[in-house]
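*Asks:* Contents of work.cif (mmCIF, C-alpha atoms and all ligand atoms; chains and numbers go by the auth columns) are below:
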```cif
data_run
loop_
_atom_site.group_PDB
_atom_site.id
_atom_site.type_symbol
_atom_site.label_atom_id
_atom_site.label_comp_id
_atom_site.label_asym_id
_atom_site.label_seq_id
_atom_site.Cartn_x
_atom_site.Cartn_y
_atom_site.Cartn_z
_atom_site.B_iso_or_equiv
_atom_site.auth_seq_id
_atom_site.auth_asym_id
ATOM 1 C CA MET A 1 248.318 168.552 63.632 0.00 11 A
ATOM 2 C CA VAL A 2 244.557 168.515 63.152 0.00 12 A
ATOM 3 C CA THR A 3 241.887 169.902 65.449 0.00 13 A
ATOM 4 C CA ILE A 4 238.993 167.687 66.473 0.00 14 A
ATOM 5 C CA THR A 5 236.242 168.170 69.043 0.00 15 A
ATOM 6 C CA VAL A 6 235.710 165.436 71.611 0.00 16 A
ATOM 7 C CA ASP A 7 232.887 165.719 74.129 0.00 17 A
ATOM 8 C CA ASP A 8 232.536 169.419 73.256 0.00 18 A
ATOM 9 C CA LYS A 9 236.225 170.180 73.890 0.00 19 A
ATOM 10 C CA PRO A 10 238.760 171.019 71.176 0.00 20 A
ATOM 11 C CA LEU A 11 241.693 168.651 70.882 0.00 21 A
ATOM 12 C CA GLN A 12 244.898 168.743 68.802 0.00 22 A
ATOM 13 C CA ALA A 13 246.017 165.411 67.389 0.00 23 A
ATOM 14 C CA PRO A 14 248.860 164.404 65.059 0.00 24 A
ATOM 15 C CA GLU A 15 247.718 164.065 61.450 0.00 25 A
ATOM 16 C CA GLY A 16 247.231 160.411 60.546 0.00 26 A
ATOM 17 C CA SER A 17 246.801 159.255 64.135 0.00 27 A
ATOM 18 C CA ARG A 18 243.964 157.013 65.279 0.00 28 A
ATOM 19 C CA LEU A 19 241.093 158.526 67.178 0.00 29 A
ATOM 20 C CA LEU A 20 241.447 156.145 70.137 0.00 30 A
ATOM 21 C CA ALA A 21 245.145 156.965 70.550 0.00 31 A
ATOM 22 C CA ALA A 22 244.427 160.705 70.274 0.00 32 A
ATOM 23 C CA CYS A 23 241.712 160.552 72.942 0.00 33 A
ATOM 24 C CA LEU A 24 243.784 158.441 75.323 0.00 34 A
ATOM 25 C CA ALA A 25 246.779 160.764 74.901 0.00 35 A
ATOM 26 C CA ALA A 26 244.517 163.676 75.877 0.00 36 A
ATOM 27 C CA GLY A 27 243.295 161.871 78.991 0.00 37 A
ATOM 28 C CA ILE A 28 239.888 160.967 77.551 0.00 38 A
ATOM 29 C CA TYR A 29 239.263 157.358 78.518 0.00 39 A
ATOM 30 C CA ILE A 30 237.471 155.060 76.092 0.00 40 A
ATOM 31 C CA PRO A 31 237.164 151.377 77.101 0.00 41 A
ATOM 32 C CA HIS A 32 239.613 149.184 75.173 0.00 42 A
ATOM 33 C CA LEU A 33 241.611 145.981 75.522 0.00 43 A
ATOM 34 C CA CYS A 34 243.479 145.209 72.291 0.00 44 A
ATOM 35 C CA HIS A 35 244.983 148.651 71.601 0.00 45 A
ATOM 36 C CA VAL A 36 248.785 148.787 71.971 0.00 46 A
ATOM 37 C CA PRO A 37 250.315 152.281 72.090 0.00 47 A
ATOM 38 C CA GLY A 38 252.337 152.990 68.956 0.00 48 A
ATOM 39 C CA VAL A 39 250.741 150.280 66.805 0.00 49 A
ATOM 40 C CA ASP A 40 249.211 151.863 63.697 0.00 50 A
ATOM 41 C CA SER A 41 246.975 149.029 62.533 0.00 51 A
ATOM 42 C CA PRO A 42 245.190 147.662 65.585 0.00 52 A
ATOM 43 C CA PRO A 43 243.460 144.267 65.455 0.00 53 A
ATOM 44 C CA ALA A 44 240.146 145.906 66.476 0.00 54 A
ATOM 45 C CA SER A 45 239.197 142.614 68.064 0.00 55 A
ATOM 46 C CA CYS A 46 237.802 143.637 71.449 0.00 56 A
ATOM 47 C CA ARG A 47 234.946 145.736 70.002 0.00 57 A
ATOM 48 C CA LEU A 48 234.733 148.057 73.007 0.00 58 A
ATOM 49 C CA CYS A 49 236.076 151.436 71.890 0.00 59 A
ATOM 50 C CA PHE A 50 232.884 152.685 70.234 0.00 60 A
ATOM 51 C CA VAL A 51 232.325 156.419 69.800 0.00 61 A
ATOM 52 C CA ALA A 52 229.754 158.487 67.930 0.00 62 A
ATOM 53 C CA ILE A 53 231.077 160.668 65.100 0.00 63 A
ATOM 54 C CA GLN A 54 228.948 163.502 63.770 0.00 64 A
ATOM 55 C CA GLY A 55 227.634 162.640 60.316 0.00 65 A
ATOM 56 C CA GLN A 56 227.889 158.862 60.811 0.00 66 A
ATOM 57 C CA ALA A 57 224.668 156.938 61.325 0.00 67 A
ATOM 58 C CA HIS A 58 226.073 154.453 63.844 0.00 68 A
ATOM 59 C CA PRO A 59 228.876 154.409 66.432 0.00 69 A
ATOM 60 C CA VAL A 60 232.255 153.212 65.164 0.00 70 A
ATOM 61 C CA THR A 61 235.360 151.779 66.829 0.00 71 A
ATOM 62 C CA ALA A 62 237.729 154.645 67.635 0.00 72 A
ATOM 63 C CA CYS A 63 240.837 152.492 67.075 0.00 73 A
ATOM 64 C CA THR A 64 240.044 152.105 63.366 0.00 74 A
ATOM 65 C CA VAL A 65 239.252 155.772 62.624 0.00 75 A
ATOM 66 C CA THR A 66 241.926 158.210 61.490 0.00 76 A
ATOM 67 C CA VAL A 67 241.489 161.711 62.895 0.00 77 A
ATOM 68 C CA ALA A 68 240.394 164.397 60.428 0.00 78 A
ATOM 69 C CA ASP A 69 240.360 168.150 60.855 0.00 79 A
ATOM 70 C CA GLY A 70 236.957 169.306 62.123 0.00 80 A
ATOM 71 C CA MET A 71 235.830 165.844 63.267 0.00 81 A
ATOM 72 C CA VAL A 72 233.227 166.015 66.047 0.00 82 A
ATOM 73 C CA VAL A 73 233.130 163.082 68.439 0.00 83 A
ATOM 74 C CA GLN A 74 231.010 162.060 71.430 0.00 84 A
ATOM 75 C CA THR A 75 232.321 159.286 73.669 0.00 85 A
ATOM 76 C CA ASP A 76 229.273 159.006 75.929 0.00 86 A
ATOM 77 C CA THR A 77 225.953 158.600 74.105 0.00 87 A
ATOM 78 C CA PRO A 78 223.260 156.025 74.945 0.00 88 A
ATOM 79 C CA ALA A 79 224.037 154.095 71.726 0.00 89 A
ATOM 80 C CA VAL A 80 227.776 154.066 72.495 0.00 90 A
ATOM 81 C CA ARG A 81 227.241 152.816 76.037 0.00 91 A
ATOM 82 C CA ARG A 82 224.723 150.193 74.863 0.00 92 A
ATOM 83 C CA LEU A 83 227.266 148.751 72.418 0.00 93 A
ATOM 84 C CA GLN A 84 230.088 148.859 74.948 0.00 94 A
ATOM 85 C CA ARG A 85 228.012 147.171 77.658 0.00 95 A
ATOM 86 C CA SER A 86 226.794 144.457 75.268 0.00 96 A
ATOM 87 C CA GLY A 87 230.315 143.855 73.961 0.00 97 A
ATOM 88 C CA PHE A 88 231.693 143.671 77.479 0.00 98 A
ATOM 89 C CA ARG A 89 229.008 141.257 78.672 0.00 99 A
ATOM 90 C CA LEU A 90 229.602 139.023 75.668 0.00 100 A
ATOM 91 C CA LEU A 91 233.310 139.013 76.448 0.00 101 A
ATOM 92 C CA MET A 92 232.579 138.126 80.061 0.00 102 A
ATOM 93 C CA SER A 93 230.268 135.291 78.997 0.00 103 A
ATOM 94 C CA ALA A 94 233.447 133.377 78.117 0.00 104 A
ATOM 95 C CA HIS A 95 235.422 134.514 81.151 0.00 105 A
ATOM 96 C CA GLN A 96 236.081 132.710 84.402 0.00 106 A
ATOM 97 C CA VAL A 97 235.642 135.364 87.059 0.00 107 A
ATOM 98 C CA GLU A 98 237.934 134.288 89.878 0.00 108 A
ATOM 99 C CA CYS A 99 239.453 137.593 90.937 0.00 109 A
ATOM 100 C CA CYS A 100 240.432 136.519 94.449 0.00 110 A
ATOM 101 C CA ARG A 101 242.931 133.979 93.105 0.00 111 A
ATOM 102 C CA CYS A 102 243.999 135.998 90.043 0.00 112 A
ATOM 103 C CA PRO A 103 247.290 137.941 89.968 0.00 113 A
ATOM 104 C CA ALA A 104 245.580 140.773 88.048 0.00 114 A
ATOM 105 C CA ASN A 105 243.118 141.437 90.856 0.00 115 A
ATOM 106 C CA ARG A 106 242.790 145.202 91.472 0.00 116 A
ATOM 107 C CA ALA A 107 244.935 146.008 88.404 0.00 117 A
ATOM 108 C CA CYS A 108 242.762 144.249 85.848 0.00 118 A
ATOM 109 C CA ALA A 109 241.462 146.058 82.756 0.00 119 A
ATOM 110 C CA LEU A 110 238.192 144.121 82.983 0.00 120 A
ATOM 111 C CA GLN A 111 237.568 145.313 86.523 0.00 121 A
ATOM 112 C CA HIS A 112 238.355 148.870 85.412 0.00 122 A
ATOM 113 C CA ILE A 113 236.010 148.693 82.409 0.00 123 A
ATOM 114 C CA ALA A 114 233.206 147.160 84.506 0.00 124 A
ATOM 115 C CA ARG A 115 233.519 150.037 86.972 0.00 125 A
ATOM 116 C CA PHE A 116 233.656 152.609 84.173 0.00 126 A
ATOM 117 C CA LEU A 117 230.553 151.199 82.471 0.00 127 A
ATOM 118 C CA ASP A 118 228.848 150.837 85.853 0.00 128 A
ATOM 119 C CA ILE A 119 228.092 147.150 85.356 0.00 129 A
ATOM 120 C CA GLY A 120 229.272 143.982 87.099 0.00 130 A
ATOM 121 C CA LEU A 121 231.845 141.482 85.911 0.00 131 A
ATOM 122 C CA ARG A 122 229.211 138.818 85.300 0.00 132 A
ATOM 123 C CA SER A 123 227.829 138.385 81.798 0.00 133 A
ATOM 124 C CA ARG A 124 224.112 138.592 82.652 0.00 134 A
ATOM 125 C CA PRO A 125 221.828 138.351 80.709 0.00 135 A
ATOM 126 C CA TYR A 126 224.135 136.186 78.583 0.00 136 A
ATOM 127 C CA PRO A 127 224.842 132.704 79.953 0.00 137 A
ATOM 128 C CA THR A 128 228.450 131.876 80.798 0.00 138 A
ATOM 129 C CA ARG A 129 230.128 129.378 78.490 0.00 139 A
ATOM 130 C CA LEU A 130 233.725 128.504 79.290 0.00 140 A
ATOM 131 C CA LYS A 131 236.296 126.731 77.140 0.00 141 A
ATOM 132 C CA ASP A 132 236.939 123.125 77.955 0.00 142 A
ATOM 133 C CA ALA A 133 240.595 123.960 78.524 0.00 143 A
ATOM 134 C CA ALA A 134 242.694 123.717 81.661 0.00 144 A
ATOM 135 C CA PRO A 135 245.511 126.196 82.357 0.00 145 A
ATOM 136 C CA ASP A 136 248.338 125.477 79.914 0.00 146 A
ATOM 137 C CA THR A 137 251.510 124.678 81.851 0.00 147 A
ATOM 138 C CA SER A 138 253.465 123.199 78.923 0.00 148 A
ATOM 139 C CA HIS A 139 255.812 126.204 78.629 0.00 149 A
ATOM 140 C CA PRO A 140 258.882 125.939 80.894 0.00 150 A
ATOM 141 C CA PHE A 141 258.327 129.344 82.502 0.00 151 A
ATOM 142 C CA LEU A 142 254.801 130.528 81.664 0.00 152 A
ATOM 143 C CA VAL A 143 251.263 129.471 82.520 0.00 153 A
ATOM 144 C CA HIS A 144 248.373 130.509 80.286 0.00 154 A
ATOM 145 C CA PHE A 145 244.798 130.617 81.591 0.00 155 A
ATOM 146 C CA PRO A 146 242.510 130.248 78.529 0.00 156 A
ATOM 147 C CA ASN A 147 239.343 131.156 80.392 0.00 157 A
ATOM 148 C CA ARG A 148 240.804 134.455 81.578 0.00 158 A
ATOM 149 C CA CYS A 149 242.281 135.370 78.174 0.00 159 A
ATOM 150 C CA VAL A 150 240.431 138.046 76.186 0.00 160 A
ATOM 151 C CA LEU A 151 242.381 137.206 72.985 0.00 161 A
ATOM 152 C CA CYS A 152 243.608 140.767 72.597 0.00 162 A
ATOM 153 C CA GLY A 153 246.892 139.648 70.995 0.00 163 A
ATOM 154 C CA ARG A 154 249.026 142.099 72.979 0.00 164 A
ATOM 155 C CA CYS A 155 251.312 139.311 74.223 0.00 165 A
ATOM 156 C CA ILE A 156 251.995 138.158 70.641 0.00 166 A
ATOM 157 C CA HIS A 157 252.786 141.700 69.560 0.00 167 A
ATOM 158 C CA VAL A 158 255.214 142.451 72.378 0.00 168 A
ATOM 159 C CA CYS A 159 256.982 139.094 72.004 0.00 169 A
ATOM 160 C CA ARG A 160 257.507 139.744 68.280 0.00 170 A
ATOM 161 C CA GLU A 161 258.864 143.198 69.082 0.00 171 A
ATOM 162 C CA ARG A 162 261.326 141.867 71.657 0.00 172 A
ATOM 163 C CA ASN A 163 262.425 138.678 69.921 0.00 173 A
ATOM 164 C CA GLY A 164 262.009 139.351 66.191 0.00 174 A
ATOM 165 C CA ALA A 165 259.505 136.526 65.867 0.00 175 A
ATOM 166 C CA SER A 166 256.829 135.813 68.428 0.00 176 A
ATOM 167 C CA LEU A 167 257.113 132.663 70.520 0.00 177 A
ATOM 168 C CA LEU A 168 253.371 133.010 71.140 0.00 178 A
ATOM 169 C CA ALA A 169 250.538 132.682 68.626 0.00 179 A
ATOM 170 C CA PHE A 170 246.806 132.131 68.363 0.00 180 A
ATOM 171 C CA SER A 171 245.928 128.486 67.921 0.00 181 A
ATOM 172 C CA HIS A 172 242.649 126.676 67.171 0.00 182 A
ATOM 173 C CA ARG A 173 239.657 128.547 65.787 0.00 183 A
ATOM 174 C CA GLY A 174 236.499 130.394 66.741 0.00 184 A
ATOM 175 C CA PHE A 175 235.345 129.848 70.305 0.00 185 A
ATOM 176 C CA ASP A 176 238.240 127.419 70.916 0.00 186 A
ATOM 177 C CA THR A 177 240.960 129.955 70.042 0.00 187 A
ATOM 178 C CA VAL A 178 243.714 130.086 72.663 0.00 188 A
ATOM 179 C CA ILE A 179 247.209 131.534 72.994 0.00 189 A
ATOM 180 C CA SER A 180 249.851 128.894 72.482 0.00 190 A
ATOM 181 C CA ALA A 181 253.647 128.734 72.740 0.00 191 A
ATOM 182 C CA PHE A 182 254.171 126.651 69.615 0.00 192 A
ATOM 183 C CA GLY A 183 257.464 124.798 69.570 0.00 193 A
ATOM 184 C CA ALA A 184 258.684 126.569 72.677 0.00 194 A
ATOM 185 C CA THR A 185 257.422 124.127 75.231 0.00 195 A
ATOM 186 C CA GLY A 186 260.369 121.741 75.329 0.00 196 A
ATOM 187 C CA GLN A 187 263.102 124.385 75.377 0.00 197 A
ATOM 188 C CA THR A 188 264.566 125.561 78.617 0.00 198 A
ATOM 189 C CA ARG A 189 266.901 128.138 77.049 0.00 199 A
ATOM 190 C CA LEU A 190 264.180 130.624 76.196 0.00 200 A
ATOM 191 C CA PRO A 191 264.401 134.367 76.957 0.00 201 A
ATOM 192 C CA CYS A 192 261.004 134.231 78.650 0.00 202 A
ATOM 193 C CA GLU A 193 262.022 133.990 82.289 0.00 203 A
ATOM 194 C CA SER A 194 264.067 137.187 82.183 0.00 204 A
ATOM 195 C CA CYS A 195 261.812 138.924 79.627 0.00 205 A
ATOM 196 C CA SER A 196 258.216 138.323 80.775 0.00 206 A
ATOM 197 C CA ALA A 197 257.067 141.276 78.617 0.00 207 A
ATOM 198 C CA CYS A 198 253.988 139.253 77.638 0.00 208 A
ATOM 199 C CA VAL A 199 252.997 138.890 81.287 0.00 209 A
ATOM 200 C CA ALA A 200 253.468 142.622 81.853 0.00 210 A
ATOM 201 C CA ILE A 201 251.426 143.697 78.822 0.00 211 A
ATOM 202 C CA CYS A 202 248.523 141.287 79.392 0.00 212 A
ATOM 203 C CA PRO A 203 245.603 143.519 80.426 0.00 213 A
ATOM 204 C CA VAL A 204 244.086 140.723 82.520 0.00 214 A
ATOM 205 C CA GLY A 205 245.483 137.790 84.488 0.00 215 A
ATOM 206 C CA ALA A 206 245.775 135.303 81.620 0.00 216 A
ATOM 207 C CA LEU A 207 249.564 134.888 81.572 0.00 217 A
ATOM 208 C CA SER A 208 251.797 134.352 84.574 0.00 218 A
ATOM 209 C CA LEU A 209 255.356 133.343 85.262 0.00 219 A
ATOM 210 C CA LYS A 210 255.280 129.962 86.968 0.00 220 A
ATOM 211 C CA SER A 211 257.689 131.331 89.566 0.00 221 A
ATOM 212 C CA ASP A 212 255.155 134.021 90.534 0.00 222 A
ATOM 213 C CA LEU A 213 252.231 131.659 91.105 0.00 223 A
ATOM 214 C CA ASP A 214 251.151 130.019 94.324 0.00 224 A
ATOM 215 C CA PRO A 215 251.761 126.275 94.153 0.00 225 A
ATOM 216 C CA ASP A 216 248.000 125.549 93.908 0.00 226 A
ATOM 217 C CA GLN A 217 247.535 127.848 90.862 0.00 227 A
ATOM 218 C CA GLY A 218 247.768 126.471 87.328 0.00 228 A
ATOM 219 C CA ASP A 219 246.208 123.166 88.398 0.00 229 A
HETATM 220 S S1 LIG B . 241.324 138.516 84.718 0.00 1 B
HETATM 221 FE FE1 LIG B . 240.435 140.228 85.885 0.00 1 B
HETATM 222 S S2 LIG B . 238.223 139.804 85.949 0.00 1 B
HETATM 223 FE FE2 LIG B . 239.258 137.913 85.344 0.00 1 B
HETATM 224 S S3 LIG B . 239.611 136.803 87.245 0.00 1 B
HETATM 225 FE FE3 LIG B . 241.459 138.006 86.879 0.00 1 B
HETATM 226 S S4 LIG B . 241.138 139.934 88.021 0.00 1 B
HETATM 227 FE FE4 LIG B . 239.117 138.931 87.799 0.00 1 B
HETATM 228 S S1 LIG B . 247.231 136.148 77.213 0.00 2 B
HETATM 229 FE FE1 LIG B . 246.721 138.257 77.858 0.00 2 B
HETATM 230 S S2 LIG B . 247.806 139.564 76.376 0.00 2 B
HETATM 231 FE FE2 LIG B . 247.705 137.509 75.478 0.00 2 B
HETATM 232 S S3 LIG B . 245.870 137.484 74.214 0.00 2 B
HETATM 233 FE FE3 LIG B . 245.282 136.684 76.233 0.00 2 B
HETATM 234 S S4 LIG B . 244.556 138.467 77.364 0.00 2 B
HETATM 235 FE FE4 LIG B . 245.698 139.258 75.605 0.00 2 B
#
```
Before we go any further, please render this structure as C-alpha cells.
*Replies:*
Amino acid sequence: MVTITVDDKPLQAPEGSRLLAACLAAGIYIPHLCHVPGVDSPPASCRLCFVAIQGQAHPVTACTVTVADGMVVQTDTPAVRRLQRSGFRLLMSAHQVECCRCPANRACALQHIARFLDIGLRSRPYPTRLKDAAPDTSHPFLVHFPNRCVLCGRCIHVCRERNGASLLAFSHRGFDTVISAFGATGQTRLPCESCSACVAICPVGALSLKSDLDPDQGD
C-alpha cells in the first residue's frame, strides 16, 4: 500500500493502482465516463477526470496516473474545474439531449456530471453538431443511438469479457465514429438478448434492448 493525500486527507491505495480508481474506491468522486473498474489500462478517451498533482504544472487525467507514496492531489481547483467543464461541454456539443424519451433518464452519468459540475446539459457556448446518423436497428436485439453515445468503449470491453471476442466495435473515424455490431446483424442466435451486459454498462442511454423500447423509439 502507498499513502497519498487527496483534498488534504490521507488515503491508502494499493501500490500500482491508478489514481482515479483509488479516489473512487475511497468515495472521492471525480467525473469520468470511460473508466471501467478493474481495467488497468484505461482508454482515457473522455478527458474528464482531471486532477491537480503537486509538482506538476498542469492538471492531468487521474485514470492515467499511477499512485506514488507521498503524492499530493487536489480534485477541486479552478483549473481542474475549467478543464472538466470545457471537456463536458465539448462532449455535449455532439449529444442529442432528449432525456424525457431516453431510458437512462435520472440514472444517466451525463446528468450526474452536469449536476456535479453545476452546469447544464447543453453545450453552450459551443454550437451543437450532431452526427448524420439515425438509430441503428440492424442488430436483431439491440438498438444503438449514435447521437447519445459518448464513445467510452465500455460496451466493447464488457462484451469481450463475456464472449471472448467483442461483437461490438468502433467503426468509421473521427467525428463519424460510431459503435457497430459488425457481422452480428443477420444472426438471430446471438447471446445478446439474454446477456445485455453492454446495455447495463453503458453510462448513458445509447444502447437499448429492442424489447425494452417503446414502439416509437429507434425510429
Ligand atoms: S443519454 Fe443522458 S443526457 Fe442524453 S438524452 Fe439520455 S438521459 Fe439525457
Ligand atoms: S454505446 Fe454506451 S457504452 Fe458503448 S461506447 Fe457508446 S456510450 Fe459507451
*Asks:* When the PyMOL selection byres (((chain A and resi 47-49) around 10) and not hetatm) is applied to the structure above, which residues does it catch, written out as number ranges by chain?
*Replies:* A: 27-28, 30-31, 34-35, 44-46, 50-53, 167
*Asks:* Which residue is closest to A:Cys33? Choose from A:Thr15, A:Ser103, A:Thr187, A:Asn173 and count only C-alpha atoms.
*Replies:*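 Once distances to A:Cys33 are computed over only C-alpha atoms, the minimum belongs to A:Thr15.
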*Asks:* Which chains and residue numbers are within 9 Å of ligand LIG 1 (chain B), counting all atoms listed in the file, if I want them as a list in words?
*Replies:*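 Within the 9 Å cut-off, the matching residues are Met102, His105, Gln106, Val107, Glu108, Cys109, Cys110, Arg111, Cys112, Pro113, Ala114, Asn115, Arg116, Ala117, Cys118, Ala119, Leu120, Gln121, His122, Leu131, Asn157, Arg158, Cys159, Val160, Pro213, Val214, Gly215 and Ala216 of chain A.
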*Asks:* May I ask for the distance between atom CA of A:Ser55 and atom CA of A:Val82, given in Å to one decimal place?
*Replies:*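 For atom CA of A:Ser55 relative to atom CA of A:Val82, the distance reads 24.2 Å.
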*Asks:* Between atom CA of A:Gln94 and atom CA of A:Phe60, what is the distance in Å, rounded to a tenth?
*Replies:*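 Spanning atom CA of A:Gln94 to atom CA of A:Phe60 is a straight-line distance of 6.7 Å.
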*Asks:* Check which residues satisfy the PyMOL selection byres (((not hetatm)) within 9 of (chain B and resi 2)) in the file shown, then give them as an MDAnalysis selection string.
*Replies:* chainID A and resid 43:44 154:156 158:168 178:180 188:189 208:218
*Asks:* Quick one: pull the distance between atom CA of A:Asp79 and atom CA of A:Gly97, Å, one decimal.
*Replies:* 29.4 Å
*Asks:* Could you pull the residues within 10 Å of A:Arg95, counting all atoms listed in the file, minus those fewer than 4 positions along the same chain, as a list in words?
*Replies:*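 Once the adjacent positions are removed, what remains is Leu58, Ala89, Val90, Arg91, Arg99, Leu100, Leu101, Ile123, Ala124, Leu127, Asp128, Ile129 and Ser133 of chain A.
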*Asks:* Closest to A:Asp186 among A:Leu140, A:Leu21, A:Cys202, A:Ala207, using all atoms listed in the file?
*Replies:*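 For A:Asp186, the nearest of the candidates is A:Leu140.
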*Asks:* Can you tell me, as an MDAnalysis selection string, what residues are no more than 7 Å from A:Glu25 when counting all atoms listed in the file, ignoring any on the same chain fewer than 3 positions away?
*Replies:* chainID A and resid 11:12 77
*Asks:* Out of A:Leu93, A:Asp222, A:Gln84, A:Pro201, which residue has the shortest atom-to-atom distance to A:Gly65 when counting all atoms listed in the file?
*Replies:*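 Distance minimum relative to A:Gly65 lands on A:Gln84.
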*Asks:* Fewer than 6 positions away in the same chain doesn't count, so skip those; otherwise give me all residues within 7 Å of A:Val153, counting only C-alpha atoms, as a list in words.
*Replies:* Pro145, Asp146, Thr147, Leu217, Ser218, Leu219, Lys220 and Gly228 of chain A
*Asks:* Applied to the shown file, which residues does the PyMOL selection byres (((chain A and resi 83) around 7) and not hetatm) return, written as a PyMOL selection string?
*Replies:* chain A and resi 15-17+61-64+81-82+84-85
*Asks:* Which residue, A:Ala78, A:Ala54, A:Leu152, A:Ile14, has the smallest gap to A:Glu203 when you use only C-alpha atoms?
*Replies:*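 Nearest to A:Glu203: A:Leu152.
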*Asks:* How would stretch 119-132 of chain A read, as an mmCIF file, in the frame of the given file, once N, CA and C atoms are built in?
*Replies:*
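New file rebuild-v6.cif:
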```cif
data_model
loop_
_atom_site.group_PDB
_atom_site.id
_atom_site.type_symbol
_atom_site.label_atom_id
_atom_site.label_comp_id
_atom_site.auth_asym_id
_atom_site.auth_seq_id
_atom_site.Cartn_x
_atom_site.Cartn_y
_atom_site.Cartn_z
ATOM 1 N N ALA A 119 242.196 145.175 83.676
ATOM 2 C CA ALA A 119 241.462 146.058 82.756
ATOM 3 C C ALA A 119 239.968 145.736 82.752
ATOM 4 N N LEU A 120 239.621 144.487 82.973
ATOM 5 C CA LEU A 120 238.192 144.121 82.983
ATOM 6 C C LEU A 120 237.496 144.740 84.193
ATOM 7 N N GLN A 121 238.152 144.687 85.324
ATOM 8 C CA GLN A 121 237.568 145.313 86.523
ATOM 9 C C GLN A 121 237.411 146.815 86.304
ATOM 10 N N HIS A 122 238.408 147.417 85.665
ATOM 11 C CA HIS A 122 238.355 148.870 85.412
ATOM 12 C C HIS A 122 237.196 149.204 84.469
ATOM 13 N N ILE A 123 237.066 148.416 83.393
ATOM 14 C CA ILE A 123 236.010 148.693 82.409
ATOM 15 C C ILE A 123 234.630 148.474 83.045
ATOM 16 N N ALA A 124 234.494 147.422 83.843
ATOM 17 C CA ALA A 124 233.206 147.160 84.506
ATOM 18 C C ALA A 124 232.816 148.338 85.386
ATOM 19 N N ARG A 125 233.800 148.853 86.109
ATOM 20 C CA ARG A 125 233.519 150.037 86.972
ATOM 21 C C ARG A 125 233.139 151.236 86.112
ATOM 22 N N PHE A 126 233.898 151.447 85.039
ATOM 23 C CA PHE A 126 233.656 152.609 84.173
ATOM 24 C C PHE A 126 232.260 152.554 83.555
ATOM 25 N N LEU A 127 231.863 151.347 83.122
ATOM 26 C CA LEU A 127 230.553 151.199 82.471
ATOM 27 C C LEU A 127 229.429 151.011 83.487
ATOM 28 N N ASP A 128 229.814 150.971 84.774
ATOM 29 C CA ASP A 128 228.848 150.837 85.853
ATOM 30 C C ASP A 128 228.034 149.549 85.718
ATOM 31 N N ILE A 129 228.732 148.473 85.406
ATOM 32 C CA ILE A 129 228.092 147.150 85.356
ATOM 33 C C ILE A 129 228.992 146.169 86.100
ATOM 34 N N GLY A 130 228.478 144.984 86.384
ATOM 35 C CA GLY A 130 229.272 143.982 87.099
ATOM 36 C C GLY A 130 230.170 143.210 86.140
ATOM 37 N N LEU A 131 230.955 142.318 86.725
ATOM 38 C CA LEU A 131 231.845 141.482 85.911
ATOM 39 C C LEU A 131 231.122 140.278 85.320
ATOM 40 N N ARG A 132 229.943 139.982 85.821
ATOM 41 C CA ARG A 132 229.211 138.818 85.300
ATOM 42 C C ARG A 132 228.581 139.172 83.966
#
```
